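Engineer: Below you'll find work39.txt; it's compact mmCIF, C-alpha atoms and all ligand atoms.
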# COMPACT_ATOMS: atom_id res chain seq x y z
CA MET A 1 19.86 34.77 -25.22
CA ARG A 2 20.90 31.76 -23.15
CA LYS A 3 18.66 28.83 -24.01
CA ILE A 4 17.16 26.48 -21.44
CA LYS A 5 18.59 23.03 -22.15
CA THR A 6 16.31 20.06 -21.99
CA ALA A 7 16.61 16.32 -22.57
CA VAL A 8 13.96 14.03 -24.02
CA LEU A 9 13.88 10.54 -22.48
CA GLY A 10 12.20 8.10 -24.88
CA THR A 11 12.18 7.85 -28.65
CA GLY A 12 8.72 6.45 -29.42
CA PHE A 13 5.61 8.24 -30.69
CA MET A 14 5.68 10.71 -27.78
CA GLY A 15 9.47 11.28 -27.84
CA ARG A 16 9.13 12.46 -31.43
CA VAL A 17 6.16 14.78 -30.91
CA HIS A 18 7.76 16.25 -27.78
CA THR A 19 11.09 16.89 -29.55
CA GLU A 20 9.35 18.65 -32.43
CA GLY A 21 7.08 20.60 -30.06
CA ILE A 22 9.89 21.81 -27.78
CA ARG A 23 11.56 23.34 -30.80
CA ARG A 24 8.56 25.58 -31.32
CA VAL A 25 9.34 27.30 -28.00
CA GLY A 26 11.95 29.95 -28.76
CA ASN A 27 14.15 29.82 -25.67
CA VAL A 28 14.48 26.04 -25.25
CA GLU A 29 16.95 23.68 -26.87
CA VAL A 30 16.64 19.89 -27.10
CA ALA A 31 20.20 19.22 -25.96
CA ALA A 32 20.08 15.44 -25.64
CA ILE A 33 18.08 12.31 -26.31
CA ALA A 34 18.04 9.17 -24.19
CA ALA A 35 16.72 5.76 -25.21
CA SER A 36 17.01 2.18 -24.00
CA SER A 37 20.17 1.74 -26.09
CA GLN A 38 22.79 4.07 -27.53
CA GLU A 39 22.00 2.82 -31.08
CA LYS A 40 18.32 3.66 -30.74
CA ALA A 41 19.07 7.06 -29.23
CA ARG A 42 21.66 7.91 -31.92
CA LYS A 43 19.37 6.90 -34.78
CA PHE A 44 16.59 9.11 -33.43
CA ALA A 45 18.98 11.99 -32.65
CA ASP A 46 20.43 11.85 -36.19
CA GLU A 47 16.96 11.91 -37.73
CA LEU A 48 15.89 14.89 -35.65
CA GLY A 49 19.23 16.68 -35.63
CA VAL A 50 20.05 16.48 -31.92
CA GLU A 51 23.73 16.51 -31.06
CA ARG A 52 23.91 14.38 -27.92
CA SER A 53 22.47 10.91 -27.37
CA THR A 54 22.80 8.18 -24.79
CA GLY A 55 21.53 4.74 -23.86
CA ASP A 56 21.77 5.70 -20.16
CA TYR A 57 19.60 8.67 -19.14
CA ARG A 58 21.42 8.92 -15.79
CA THR A 59 24.49 10.39 -17.48
CA LEU A 60 22.31 13.34 -18.57
CA LEU A 61 21.04 13.88 -15.03
CA LYS A 62 24.63 14.41 -13.87
CA ASP A 63 25.09 17.25 -16.36
CA PRO A 64 24.50 20.66 -14.70
CA GLU A 65 23.86 22.18 -18.16
CA ILE A 66 20.60 20.21 -18.53
CA ASN A 67 17.81 22.11 -16.78
CA ALA A 68 14.78 19.94 -17.50
CA VAL A 69 13.71 16.53 -18.79
CA HIS A 70 10.68 15.20 -20.66
CA VAL A 71 9.78 11.66 -19.59
CA CYS A 72 8.28 10.03 -22.71
CA THR A 73 9.00 6.37 -21.94
CA PRO A 74 6.59 3.49 -21.23
CA ASN A 75 4.50 4.13 -18.10
CA ALA A 76 6.39 1.84 -15.72
CA LEU A 77 9.52 3.96 -16.23
CA HIS A 78 7.85 7.30 -15.43
CA PHE A 79 8.32 6.97 -11.67
CA PRO A 80 11.98 5.88 -11.51
CA MET A 81 13.04 8.34 -14.19
CA ALA A 82 11.11 11.34 -12.87
CA LYS A 83 12.26 10.59 -9.32
CA ALA A 84 15.92 10.40 -10.37
CA ALA A 85 15.54 13.62 -12.38
CA LEU A 86 13.94 15.51 -9.47
CA GLU A 87 16.63 14.23 -7.11
CA ALA A 88 19.21 15.58 -9.55
CA GLY A 89 17.48 18.99 -9.44
CA LYS A 90 15.90 18.88 -12.91
CA HIS A 91 12.48 20.29 -13.75
CA VAL A 92 10.28 17.46 -15.02
CA LEU A 93 7.53 17.22 -17.59
CA CYS A 94 6.14 13.68 -17.51
CA GLU A 95 3.78 11.94 -19.90
CA LYS A 96 0.52 10.65 -18.52
CA PRO A 97 -0.41 8.48 -16.70
CA LEU A 98 2.00 10.02 -14.18
CA ALA A 99 2.89 6.66 -12.63
CA THR A 100 1.54 3.13 -12.33
CA SER A 101 0.19 3.58 -8.78
CA VAL A 102 -1.19 6.25 -6.47
CA GLU A 103 1.71 5.65 -4.07
CA GLU A 104 4.34 6.37 -6.71
CA ALA A 105 2.47 9.46 -7.88
CA GLN A 106 2.19 10.76 -4.31
CA GLN A 107 5.96 10.41 -3.88
CA MET A 108 6.50 12.35 -7.09
CA VAL A 109 4.21 15.16 -5.91
CA ASP A 110 5.99 15.33 -2.54
CA LEU A 111 9.47 15.28 -4.05
CA ALA A 112 8.75 17.98 -6.64
CA ARG A 113 7.26 20.13 -3.90
CA ALA A 114 10.19 19.59 -1.52
CA LYS A 115 12.67 20.46 -4.26
CA ASN A 116 10.58 23.38 -5.54
CA LEU A 117 10.95 22.18 -9.13
CA ALA A 118 8.54 22.77 -12.01
CA ASN A 119 6.51 19.61 -12.58
CA CYS A 120 3.96 18.89 -15.27
CA THR A 121 1.77 15.87 -15.98
CA PHE A 122 1.19 16.00 -19.69
CA HIS A 123 -2.59 16.36 -19.84
CA ASN A 124 -2.20 18.44 -22.97
CA LEU A 125 -5.66 17.87 -24.43
CA ARG A 126 -7.17 20.51 -22.14
CA TYR A 127 -5.39 23.12 -24.21
CA TYR A 128 -7.28 22.96 -27.49
CA PRO A 129 -8.61 26.51 -28.04
CA MET A 130 -12.25 25.38 -28.20
CA VAL A 131 -11.92 23.40 -24.96
CA GLN A 132 -10.59 26.51 -23.27
CA HIS A 133 -13.52 28.45 -24.73
CA ILE A 134 -16.03 26.06 -23.09
CA ARG A 135 -14.14 26.35 -19.82
CA ARG A 136 -14.37 30.13 -19.92
CA MET A 137 -18.07 30.01 -20.93
CA ARG A 138 -18.72 27.86 -17.88
CA GLU A 139 -16.74 30.20 -15.61
CA ALA A 140 -18.71 33.15 -16.93
CA GLY A 141 -21.95 31.31 -16.05
CA GLU A 142 -23.05 31.01 -19.68
CA LEU A 143 -23.95 27.33 -19.33
CA GLY A 144 -25.63 27.79 -15.94
CA ASP A 145 -25.28 25.05 -13.33
CA ILE A 146 -24.17 21.73 -14.78
CA TYR A 147 -26.80 18.98 -14.68
CA CYS A 148 -24.85 16.29 -16.48
CA VAL A 149 -21.79 15.46 -18.55
CA GLN A 150 -21.29 12.65 -21.02
CA GLY A 151 -18.97 11.47 -23.73
CA THR A 152 -16.37 9.01 -24.86
CA TYR A 153 -12.73 8.55 -25.71
CA SER A 154 -12.74 6.00 -28.54
CA GLN A 155 -9.95 4.72 -30.78
CA ASP A 156 -9.60 1.74 -33.12
CA TRP A 157 -5.87 1.06 -33.23
CA LEU A 158 -6.13 -2.01 -30.94
CA LEU A 159 -9.22 -3.50 -32.60
CA TYR A 160 -7.67 -6.76 -33.85
CA ASP A 161 -5.94 -9.43 -31.81
CA THR A 162 -2.91 -8.88 -34.08
CA ASP A 163 -2.63 -5.23 -32.92
CA TRP A 164 0.26 -4.80 -30.54
CA ASN A 165 2.15 -2.09 -28.67
CA TRP A 166 4.05 -1.87 -25.34
CA ARG A 167 0.82 -0.61 -23.71
CA ILE A 168 -0.62 -4.12 -24.00
CA ASP A 169 2.16 -5.52 -21.83
CA SER A 170 1.15 -4.70 -18.24
CA SER A 171 4.74 -4.94 -17.01
CA ALA A 172 5.59 -1.89 -19.15
CA ASN A 173 2.20 -0.21 -18.99
CA GLY A 174 0.66 -0.84 -15.55
CA ARG A 175 -2.52 -2.66 -14.62
CA SER A 176 -4.95 -0.49 -16.62
CA ARG A 177 -4.60 0.16 -20.35
CA ALA A 178 -7.54 1.91 -22.06
CA PHE A 179 -8.59 3.85 -18.97
CA ALA A 180 -5.04 4.84 -17.97
CA ASP A 181 -4.11 5.75 -21.53
CA ILE A 182 -7.15 7.74 -22.65
CA GLY A 183 -9.81 7.59 -19.90
CA THR A 184 -7.54 9.74 -17.69
CA HIS A 185 -7.48 12.40 -20.44
CA TRP A 186 -11.30 12.43 -20.53
CA CYS A 187 -11.63 12.78 -16.74
CA ASP A 188 -8.93 15.44 -16.59
CA MET A 189 -10.68 17.43 -19.30
CA ILE A 190 -14.14 17.17 -17.76
CA GLU A 191 -12.89 18.25 -14.32
CA HIS A 192 -10.87 21.09 -15.80
CA VAL A 193 -13.70 22.40 -17.97
CA THR A 194 -16.56 22.06 -15.48
CA GLY A 195 -14.52 22.98 -12.39
CA LEU A 196 -16.26 20.05 -10.66
CA ARG A 197 -14.68 17.02 -9.03
CA ILE A 198 -15.58 13.41 -9.78
CA THR A 199 -16.71 12.13 -6.38
CA SER A 200 -17.93 8.56 -7.16
CA VAL A 201 -17.63 6.10 -10.02
CA CYS A 202 -19.43 2.93 -11.09
CA ALA A 203 -17.38 1.19 -13.76
CA ASP A 204 -17.58 -1.86 -16.00
CA LEU A 205 -14.36 -2.90 -17.74
CA GLN A 206 -14.03 -5.42 -20.53
CA THR A 207 -11.09 -7.17 -22.17
CA PHE A 208 -12.45 -8.45 -25.48
CA HIS A 209 -9.21 -10.07 -26.51
CA LYS A 210 -8.26 -12.51 -23.76
CA THR A 211 -5.16 -13.32 -25.80
CA ARG A 212 -3.30 -11.31 -28.44
CA LYS A 213 -0.69 -12.14 -31.04
CA ARG A 214 2.51 -10.41 -29.97
CA PRO A 215 4.88 -9.83 -32.90
CA LYS A 216 8.43 -10.92 -32.35
CA GLY A 217 9.75 -7.43 -33.32
CA SER A 218 8.72 -4.17 -31.58
CA ILE A 219 5.81 -2.05 -32.87
CA GLU A 220 5.46 1.73 -32.52
CA THR A 221 2.24 3.24 -31.08
CA PHE A 222 -0.47 3.31 -33.81
CA ALA A 223 2.00 1.80 -36.33
CA GLY A 224 0.70 -1.76 -35.93
CA LYS A 225 -2.17 -0.88 -38.29
CA MET A 226 0.29 -0.69 -41.14
CA SER A 227 2.27 -3.82 -40.47
CA LYS A 228 1.32 -7.46 -41.04
CA PRO A 229 3.32 -9.37 -38.45
CA GLU A 230 3.61 -13.01 -39.48
CA ASP A 231 5.89 -14.07 -36.71
CA TYR A 232 4.16 -13.86 -33.32
CA ASP A 233 3.59 -15.41 -29.90
CA VAL A 234 0.07 -15.81 -28.49
CA VAL A 235 0.04 -14.13 -25.06
CA PRO A 236 -2.67 -13.70 -22.38
CA ILE A 237 -4.00 -10.17 -21.87
CA ASP A 238 -4.63 -8.65 -18.44
CA THR A 239 -5.55 -5.05 -19.31
CA GLU A 240 -8.88 -3.70 -20.53
CA ASP A 241 -9.87 -2.77 -24.10
CA TYR A 242 -13.02 -0.95 -22.96
CA ALA A 243 -14.60 0.77 -19.96
CA ALA A 244 -18.05 2.23 -19.29
CA VAL A 245 -18.27 4.53 -16.30
CA LEU A 246 -21.15 6.23 -14.48
CA LEU A 247 -20.12 9.34 -12.58
CA ARG A 248 -21.25 11.47 -9.70
CA LEU A 249 -19.72 14.93 -9.52
CA GLY A 250 -20.85 16.12 -6.11
CA ASP A 251 -24.42 15.87 -4.85
CA ARG A 252 -26.20 17.04 -7.95
CA THR A 253 -24.24 16.63 -11.18
CA ARG A 254 -24.23 13.24 -12.90
CA GLY A 255 -22.35 11.81 -15.85
CA ALA A 256 -21.48 8.81 -18.00
CA PHE A 257 -18.78 8.01 -20.53
CA THR A 258 -17.07 5.18 -22.36
CA VAL A 259 -13.44 4.49 -23.19
CA SER A 260 -12.51 2.15 -26.01
CA GLN A 261 -9.49 1.16 -28.08
CA VAL A 262 -11.48 -1.26 -30.23
CA SER A 263 -14.09 1.01 -31.90
CA ALA A 264 -13.66 0.64 -35.69
CA GLY A 265 -13.47 3.99 -37.43
CA ARG A 266 -12.96 6.07 -34.30
CA LYS A 267 -9.38 7.21 -34.62
CA ASN A 268 -8.98 9.49 -31.63
CA ARG A 269 -12.49 10.57 -30.67
CA LEU A 270 -12.39 12.37 -27.36
CA ALA A 271 -15.91 13.80 -27.13
CA ILE A 272 -17.33 15.78 -24.23
CA GLU A 273 -20.89 17.04 -23.80
CA ILE A 274 -21.85 19.37 -20.98
CA TYR A 275 -25.50 20.11 -20.21
CA GLY A 276 -26.24 23.08 -17.97
CA THR A 277 -29.35 24.87 -16.77
CA LYS A 278 -28.84 27.61 -19.39
CA GLY A 279 -27.30 25.78 -22.33
CA SER A 280 -25.05 22.99 -23.58
CA ALA A 281 -21.67 22.59 -25.22
CA ALA A 282 -20.26 19.62 -27.16
CA TRP A 283 -16.77 19.17 -28.59
CA ASP A 284 -15.01 16.35 -30.46
CA GLN A 285 -11.24 16.08 -30.81
CA GLU A 286 -11.65 14.70 -34.36
CA LYS A 287 -13.02 18.14 -35.37
CA PRO A 288 -11.06 20.29 -32.93
CA ASP A 289 -11.79 23.70 -34.43
CA GLU A 290 -15.56 23.30 -34.10
CA LEU A 291 -17.77 23.73 -31.06
CA TRP A 292 -21.48 22.89 -30.86
CA LEU A 293 -23.54 25.09 -28.59
CA GLY A 294 -27.08 23.98 -27.78
CA GLN A 295 -29.95 26.19 -26.71
CA ARG A 296 -33.54 25.48 -25.81
CA ASN A 297 -35.20 28.66 -27.11
CA SER A 298 -32.99 29.73 -29.98
CA PRO A 299 -31.25 27.89 -32.82
CA ASN A 300 -28.22 25.81 -31.94
CA GLN A 301 -24.85 27.02 -33.20
CA VAL A 302 -21.64 25.50 -34.49
CA ILE A 303 -18.89 28.02 -33.90
CA VAL A 304 -15.50 27.79 -35.56
CA LYS A 305 -12.22 28.62 -33.87
CA ASP A 306 -11.26 32.22 -34.48
CA PRO A 307 -9.22 34.08 -31.83
CA SER A 308 -11.35 37.19 -32.29
CA LEU A 309 -14.48 35.19 -31.37
CA LEU A 310 -13.04 33.27 -28.44
CA HIS A 311 -13.50 34.22 -24.81
CA GLU A 312 -10.78 36.66 -23.94
CA LYS A 313 -9.11 34.29 -21.48
CA ALA A 314 -9.14 31.44 -24.04
CA ARG A 315 -7.52 33.56 -26.73
CA SER A 316 -3.90 32.91 -25.77
CA TYR A 317 -4.43 29.21 -26.63
CA ALA A 318 -5.02 30.02 -30.31
CA ASP A 319 -2.05 31.30 -32.31
CA LEU A 320 -3.55 31.31 -35.80
CA PRO A 321 -6.41 33.29 -37.34
CA GLY A 322 -9.80 31.68 -38.03
CA GLY A 323 -9.82 29.17 -40.90
CA HIS A 324 -6.29 28.03 -40.05
CA SER A 325 -6.72 24.84 -38.11
CA GLU A 326 -4.95 24.16 -34.82
CA GLY A 327 -4.78 20.60 -33.59
CA TYR A 328 -3.10 17.92 -31.46
CA ASP A 329 0.46 19.12 -32.17
CA ASP A 330 -0.40 22.65 -31.17
CA THR A 331 -1.55 21.60 -27.70
CA PHE A 332 2.05 20.47 -27.10
CA LYS A 333 3.38 23.88 -27.99
CA GLN A 334 0.83 25.56 -25.70
CA VAL A 335 1.85 23.42 -22.71
CA PHE A 336 5.60 23.64 -23.38
CA ARG A 337 5.46 27.41 -23.70
CA ARG A 338 3.76 27.67 -20.30
CA PHE A 339 5.93 25.03 -18.64
CA TYR A 340 9.17 26.70 -19.70
CA ARG A 341 7.85 30.09 -18.60
CA THR A 342 7.77 28.66 -15.07
CA VAL A 343 11.20 27.06 -15.50
CA ALA A 344 12.66 30.44 -16.49
CA ASP A 345 10.76 32.31 -13.77
CA ARG A 346 9.79 30.24 -10.74
CA SER A 347 7.26 32.89 -9.70
CA ALA A 348 5.33 32.78 -13.01
CA ALA A 349 1.70 31.56 -12.91
CA VAL A 350 1.31 27.80 -13.39
CA GLU A 351 -1.02 27.26 -16.35
CA TYR A 352 -0.66 23.53 -16.92
CA ALA A 353 -1.52 20.26 -15.20
CA GLN A 354 0.98 19.51 -12.45
CA PHE A 355 1.96 16.22 -10.77
CA VAL A 356 -0.86 16.74 -8.31
CA ASP A 357 -3.30 16.60 -11.25
CA GLY A 358 -1.66 13.38 -12.46
CA LEU A 359 -2.04 11.96 -8.94
CA ARG A 360 -5.70 12.91 -9.03
CA GLN A 361 -6.24 10.90 -12.24
CA LEU A 362 -4.54 7.86 -10.69
CA GLN A 363 -6.86 8.13 -7.69
CA ILE A 364 -9.86 8.10 -10.03
CA LEU A 365 -8.35 5.18 -11.97
CA ASP A 366 -7.84 3.25 -8.73
CA LYS A 367 -11.53 3.63 -7.91
CA VAL A 368 -12.59 2.69 -11.45
CA LEU A 369 -10.68 -0.59 -11.12
CA GLU A 370 -12.07 -1.19 -7.63
CA SER A 371 -15.64 -0.46 -8.75
CA SER A 372 -15.39 -2.78 -11.74
CA SER A 373 -13.97 -5.67 -9.74
CA LYS A 374 -16.49 -5.29 -6.91
CA HIS A 375 -19.48 -4.54 -9.18
CA ALA A 376 -20.23 -1.55 -6.95
CA TRP A 377 -19.98 2.24 -6.71
CA ALA A 378 -16.66 3.53 -5.33
CA ASP A 379 -16.03 6.95 -3.79
CA VAL A 380 -13.06 8.94 -5.06
CA PRO A 381 -11.12 10.66 -2.25
CA ALA A 382 -11.24 14.45 -2.26
CA PRO A 383 -7.80 15.79 -3.16
CA LYS A 384 -5.62 16.52 -0.14
CA LEU A 385 -3.52 19.00 -2.04
CA GLU A 386 -5.13 21.51 -4.34
CA PRO A 387 -2.95 22.45 -7.28
CA LYS A 388 -1.28 25.82 -6.91
CA SER A 389 -2.26 26.34 -10.53
CA GLU A 390 -4.83 28.30 -12.48
CA GLN A 391 -7.08 25.28 -11.98
CA LYS A 392 -7.59 26.22 -8.35
CA ALA A 393 -9.21 29.47 -9.32
CA ALA A 394 -11.61 27.56 -11.54
CA ARG A 395 -12.83 25.24 -8.82
C1 LIG B 1 -2.46 6.27 -27.56
O1 LIG B 1 -3.66 5.80 -27.16
C2 LIG B 1 -2.41 7.78 -27.45
O2 LIG B 1 -1.25 8.14 -28.10
C3 LIG B 1 -2.32 8.29 -26.04
O3 LIG B 1 -1.23 7.77 -25.33
C4 LIG B 1 -2.31 9.78 -26.04
O4 LIG B 1 -2.29 10.29 -24.74
C5 LIG B 1 -3.51 10.31 -26.81
O5 LIG B 1 -3.41 11.65 -26.93
C6 LIG B 1 -3.59 9.71 -28.17
O6 LIG B 1 -3.53 8.34 -28.11
Starting from the coordinates I provided, produce the structure as structure tokens.
Ligand code: SOE
Structural biologist:
Amino acid sequence: MRKIKTAVLGTGFMGRVHTEGIRRVGNVEVAAIAASSQEKARKFADELGVERSTGDYRTLLKDPEINAVHVCTPNALHFPMAKAALEAGKHVLCEKPLATSVEEAQQMVDLARAKNLANCTFHNLRYYPMVQHIRRMREAGELGDIYCVQGTYSQDWLLYDTDWNWRIDSSANGRSRAFADIGTHWCDMIEHVTGLRITSVCADLQTFHKTRKRPKGSIETFAGKMSKPEDYDVVPIDTEDYAAVLLRLGDRTRGAFTVSQVSAGRKNRLAIEIYGTKGSAAWDQEKPDELWLGQRNSPNQVIVKDPSLLHEKARSYADLPGGHSEGYDDTFKQVFRRFYRTVADRSAAVEYAQFVDGLRQLQILDKVLESSSKHAWADVPAPKLEPKSEQKAAR
């Protein structure tokens, strides 16, 4: 079997999880690694056993043997790298947020379309088995019409003013931090699961740390919690630690959620609650195999992931039998498997978030920032382009 050859651009937290995840897909080989320097790329490639490495990703784009790239670099590099890769005819899977502006994201959507290349925005969190189960319950009408949605995406890894990562530097990250980093995941999930569109937002953003202590060395995502940097510069901060957002999803459905990177004890708590006319569902990423189902006239239930008990259409997202947990890592495998199916066969169904979905999240983000600065509701534009994906059928 001839393997599809792919290159991973970026050697941070995401570069590592992507490299490991790609290897779980049988017909794909991580052929090369690119980083900001040859030394960095070689060190990473040696650790993970990848033959080829480079400090200049453009050399990989010239190689006709490389079919696809994963863009796992800081946000500000997503656009130039993905654009160059598409221009070179490579299929692109890009980390979220897709870009640092709506304009860049729109160009990426247009270019991928014009070149007819597979394109994925890595909103992987939709693909936990229990999240897919809620989605299919909703499609089957088991929750009824949705009255309201609520929840949070809360973390604590940026709680102290000594916590640092490239995301805090807006020149590498873009003008929004907490919302772009994790709020976009929440919105993507809620739209995907409910099939509804966020139509207006009223947001309040807060930066608790007006300055932070930037260590003189570099710090990996989440790793700052284990280091005690003594040598630092005090720098002003222009991105938010926290956001609270009220939502309208069409004329009837309402919602509210918070986003925080300073909530002690909350490690990676993406929680969604959906309240419908017939029943409710609540799920929390910190306990991914469990799903709470609420009823008015019968006892509530907590169901545990077990492929034999999942909705038929959600079953392909669970690979292991009940009692064998499937988590964050496994969502990568689920997306990669589906992405590479469409790379191998351009007529295969698209079962992942595309660039157009990443653009959508940047449009919501834009309105969240506008609403917070104006202290007013802001309307989110209806998408011009509907994804050609499975998501269309759900909406
Ligand atoms: C950091 O906040 C981060 O790694 C995000 O970038 C991911 O998208 C999220 O899944 C976990 O947290």
Engineer: Ranking A:Glu312, A:Glu65, A:Glu87, A:Asp241 by minimum distance to ligand LIG 1 (chain B) and counting only C-alpha atoms and all ligand atoms, which one comes first?
Structural biologist: A:Asp241
Engineer: Just want the 7 Å neighbourhood of range 260-277 of chain A, counted on all atoms listed in the file, with same-chain residues fewer than 6 positions away dropped. Output as a ChimeraX atom specification.
Structural biologist: /A:143-159,178,186,241-243,283-286
Engineer: May I ask which of the residues A:Cys120, A:Ala223, A:Leu196, A:Ala85 is the closest one to ligand LIG 1 (chain B), counting all atoms listed in the file?
Structural biologist: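 Looking only at the distances to ligand LIG 1 (chain B), the closest residue turns out to be A:Ala223.
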Engineer: From the list A:His18, A:Leu61, A:Gly10, A:Val350, which residue is nearest Ser36 in chain A when using all atoms listed in the file?
Structural biologist: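 Closest candidate: A:Gly10.
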Engineer: Hey, which bits of chain A sit within 7 Å of ligand LIG 1 (chain B), and for each residue what's the closest pair of atoms and how far apart in Å (one decimal), counting only C-alpha atoms and all ligand atoms, rows by chain and increasing number, as CSV?
Structural biologist:
residue,atom,partner,partner_atom,distance
A:Lys96,CA,B:LIG1,O4,6.8
A:Asp181,CA,B:LIG1,O3,5.2
A:Ile182,CA,B:LIG1,O4,5.9
A:Thr221,CA,B:LIG1,C1,6.6
A:Asn268,CA,B:LIG1,C6,6.4
Engineer: My list of candidates is A:Glu39, A:Val71, A:Ala45, A:Ser347. Which is closest to Val8 in chain A when distances are computed with only C-alpha atoms?
Structural biologist: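 Closest to Val8 in chain A of all the choices is A:Val71.
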Engineer: For Glu95 in chain A, which residue out of A:Thr342, A:Thr6, A:Thr54, A:Gln354 is the nearest one, using all atoms listed in the file?
Structural biologist: A:Gln354
Engineer: Identify, on the basis of only C-alpha atoms, every residue whose closest approach to Ile33 in chain A does not exceed 9 Å; exclude the query and any residue fewer than 2 positions from it along the same chain; express the result as a list in words.
Structural biologist: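 So the residues in contact are Ala7, Val8, Leu9, Gly10, Thr11, Gly15, Thr19, Val30, Ala31, Ala35, Ala41, Arg42, Phe44, Ala45, Val50, Glu51, Arg52, Ser53, Thr54, Gly55, Tyr57 and Leu60 of chain A.
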Engineer: Out of A:Gly250, A:Pro97, A:Pro299, A:Pro129, which residue has the shortest atom-to-atom distance to Leu359 in chain A when counting all atoms listed in the file?
Structural biologist: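 Of A:Gly250, A:Pro97, A:Pro299, A:Pro129, the one nearest Leu359 in chain A, counting all atoms listed in the file, is A:Pro97.
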Engineer: Could you give me, as a ChimeraX atom specification, the residues within 9 Å of Ile198 in chain A, counting all atoms listed in the file and dropping anything in the same chain fewer than 4 positions from it?
Structural biologist: /A:187,190-191,247-250,364,379-380,382
Engineer: Applying 12 Å and all atoms listed in the file, which residues near range 316-320 of chain A remain after dropping the ones on its own chain fewer than 2 positions away? List them as a count of residues only.
Structural biologist: 40
Engineer: So the first atom is CA of Leu205 in chain A and the second is CA of Thr184 in chain A; what is the distance between them in Å, to one decimal place?
Structural biologist: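 Atom-to-atom, CA of Leu205 in chain A and CA of Thr184 in chain A are spaced 14.4 Å apart.
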Engineer: Output, as JSON, the centre and edge lengths in Å (one decimal) of the axis-aligned box that contains all listed atoms of range 298-301 of chain A with 8 Å of margin on each side.
Structural biologist:
{"center_x": -28.9, "center_y": 27.8, "center_z": -31.6, "size_x": 24.1, "size_y": 19.9, "size_z": 19.2}
Engineer: Hey, can you pull every residue with an atom no more than 9 Å from (-9.0, -9.1, -14.9), using all atoms listed in the file, and send it as a PyMOL selection string?
Structural biologist: chain A and resi 205-207+237-240+373
Engineer: So how far away is CA of Lys384 in chain A from CA of Leu86 in chain A, in Å?
Structural biologist: 21.7 Å
